[in-house]
Every structure is written in structure tokens, then in C-alpha cells.
Amino acid sequence: QVELVESGGGLVQAGGSLSLSCAASGRTFSSYAMGWFRQAPVKERDFVAAVNWSGGSTSYADSVKGRFTISRDNAKNTVYLQMNSLKPEDTAVYYCAARRKISMVRISVANEYDYWGQGTQVTVSS
């Protein structure tokens with residue numbers, strides 16, 4: 001069992017930056033692939049970024065490439081999402097997720113993840 005707790009959300013102006021963190025419980029954090037998803041009101045939950053167990057492989061949605069960076073620190077059981085050049089369309093609840101499967105195949109599919117955090121709100125004003 002893995003518990004995930006996100007933090008770092010808030011209100012920022014367009015063009016600004018925010019850094020999200022996701023702290024995980026459990027001794028097996030380093031064996032999980034980790035992902036970030038987001039969900040805006042009346043929209044589906046969309047993939048944002050993912051990182052494999054070692055941090056050596058990452059994947060990003062086209063809409064955030066070049067602006068967002070995902071990373072992890074296995075010693076701290078934490079995964080991060082650095083968000084730069086934020087846009088109003090980035091406004092959403094951001095969720096952290098963990099996946100037992102080691103492979104990065106279908107890493108952008110929400111149903112492939114086993115554990116989810118409760119989410120943190122990110123609001124970007126224009």
C-alpha cells in the first residue's frame with residue numbers, strides 16, 4: 001500500500017512558476033513509476049508527466065513539454081513537478097499517482113496507475 005500526499009499548489013499569474021511535491025509512504029517507493037495528472041472542471045483527467053523508478057526516463061504531454069519538469073528523489077520518497085511559464089489553461093487539480101508496473105509502456109494512461117493522491121489545486125490567472 002502506498003499513500004501519496006501532494007503539496008505546493010496555489011494561485012500564480014500567467015508566466016509564473018510553481019513547484020509541486022508528492023510525498024509517498026512505504027518502503028517500496030523506488031520500485032514505482034510515478035506520474036502527474038490534472039483535471040480541470042468538467043474535463044477528464046489528463047496526463048501531464050511521468051518518471052520511471054530510477055528517474056532516468058521521463059515522459060511529458062505535448063502541452064507541457066519544455067515548460068514542466070518531473071523529477072524524483074528516492075531517498076526522500078518524493079516526486080516533484082516544476083512548472084514554469086504557466087498559462088491559464090494549466091489551471092486544474094493536479095494529482096500524483098504511482099504505478100507498480102516497471103515498464104514505461106502506456107505510462108500516460110490513468111487506469112494503469114495503482115495509487116492516487118487527493119490532489120492539489122493550481123490556479124493560473126491571466
# chains A, B, ... in the order shown; residues from 1 in each chain; ligands from 1
call {"tool": "residues_around", "arguments": {"residues": "stretch 17-19 of chain A", "least_positions_apart": "6", "cutoff": "6 Å", "atoms": "only C-alpha atoms", "output": "mmCIF file with N, CA, C and O atoms, in the first residue's frame"}}
result
data_model
loop_
_atom_site.group_PDB
_atom_site.id
_atom_site.type_symbol
_atom_site.label_atom_id
_atom_site.label_comp_id
_atom_site.auth_asym_id
_atom_site.auth_seq_id
_atom_site.Cartn_x
_atom_site.Cartn_y
_atom_site.Cartn_z
ATOM 1 N N GLY A 8 2.071 22.137 -2.604
ATOM 2 C CA GLY A 8 2.719 23.132 -3.445
ATOM 3 C C GLY A 8 1.805 23.871 -4.397
ATOM 4 O O GLY A 8 2.243 24.780 -5.097
ATOM 5 N N LEU A 81 7.165 18.182 -9.463
ATOM 6 C CA LEU A 81 6.787 18.707 -10.766
ATOM 7 C C LEU A 81 7.070 20.207 -10.747
ATOM 8 O O LEU A 81 6.365 20.971 -10.073
ATOM 9 N N GLN A 82 8.114 20.612 -11.463
ATOM 10 C CA GLN A 82 8.446 22.018 -11.597
ATOM 11 C C GLN A 82 7.700 22.566 -12.807
ATOM 12 O O GLN A 82 7.867 22.061 -13.920
ATOM 13 N N MET A 83 6.903 23.598 -12.576
ATOM 14 C CA MET A 83 6.066 24.153 -13.632
ATOM 15 C C MET A 83 6.473 25.599 -13.882
ATOM 16 O O MET A 83 6.355 26.441 -12.992
ATOM 17 N N ASN A 84 6.950 25.864 -15.080
ATOM 18 C CA ASN A 84 7.367 27.201 -15.474
ATOM 19 C C ASN A 84 6.495 27.721 -16.610
ATOM 20 O O ASN A 84 5.804 26.952 -17.271
#
call {"tool": "residues_around", "arguments": {"residues": "A:Ser31", "least_positions_apart": "3", "cutoff": "10 Å", "atoms": "only C-alpha atoms", "output": "number ranges by chain"}}
result
A: 27-28, 34, 52-54, 74, 98-102
call {"tool": "closest_residue", "arguments": {"among": "A:Gly9, A:Gly35, A:Gly15, A:Pro88", "to": "A:Ile107", "atoms": "only C-alpha atoms"}}
result
A:Gly35
call {"tool": "closest_residue", "arguments": {"among": "A:Arg106, A:Arg45, A:Arg67, A:Arg72", "to": "A:Leu86", "atoms": "only C-alpha atoms"}}
result
A:Arg67
call {"tool": "closest_residue", "arguments": {"among": "A:Ala23, A:Val12, A:Val42, A:Ala33", "to": "A:Asp114", "atoms": "only C-alpha atoms"}}
result
A:Ala33
call {"tool": "select_by_dssp", "arguments": {"residues": "stretch 11-55 of chain A", "states": "strand (DSSP E)", "output": "list in words"}}
result
Leu11, Val12, Gln13, Leu18, Ser19, Leu20, Ser21, Cys22, Ala23, Ala24, Ala33, Met34, Gly35, Trp36, Phe37, Arg38, Gln39, Asp46, Phe47, Val48, Ala49, Ala50 and Val51 of chain A
call {"tool": "write_last_selection", "arguments": {"atoms": "C-alpha atoms", "output": "compact mmCIF listing (two decimals), in the first residue's frame"}}
result
# COMPACT_ATOMS: atom_id res chain seq x y z
CA LEU A 11 -2.51 30.85 -7.23
CA VAL A 12 0.02 32.30 -9.67
CA GLN A 13 -0.05 34.79 -12.51
CA LEU A 18 5.09 26.69 -9.17
CA SER A 19 6.71 23.58 -7.79
CA LEU A 20 4.57 20.64 -6.73
CA SER A 21 5.71 17.85 -4.45
CA CYS A 22 4.27 14.44 -3.80
CA ALA A 23 5.39 12.61 -0.68
CA ALA A 24 4.89 8.85 -0.63
CA ALA A 33 6.87 4.63 -11.73
CA MET A 34 5.33 7.97 -10.79
CA GLY A 35 3.06 10.26 -12.72
CA TRP A 36 1.30 13.59 -12.54
CA PHE A 37 -2.19 14.10 -13.96
CA ARG A 38 -4.52 17.07 -13.90
CA GLN A 39 -8.23 17.61 -14.08
CA ASP A 46 -5.30 14.26 -18.33
CA PHE A 47 -1.73 13.02 -18.28
CA VAL A 48 0.92 15.62 -17.53
CA ALA A 49 4.23 13.84 -16.91
CA ALA A 50 5.75 10.60 -15.65
CA VAL A 51 9.10 9.31 -14.46
call {"tool": "closest_residue", "arguments": {"among": "A:Pro41, A:Gly56, A:Gly119, A:Gly26", "to": "A:Ile70", "atoms": "only C-alpha atoms"}}
result
A:Gly56
call {"tool": "atom_distance", "arguments": {"atom1": "atom CA of A:Val93", "atom2": "atom CA of A:Val5"}}
result
13.1 Å
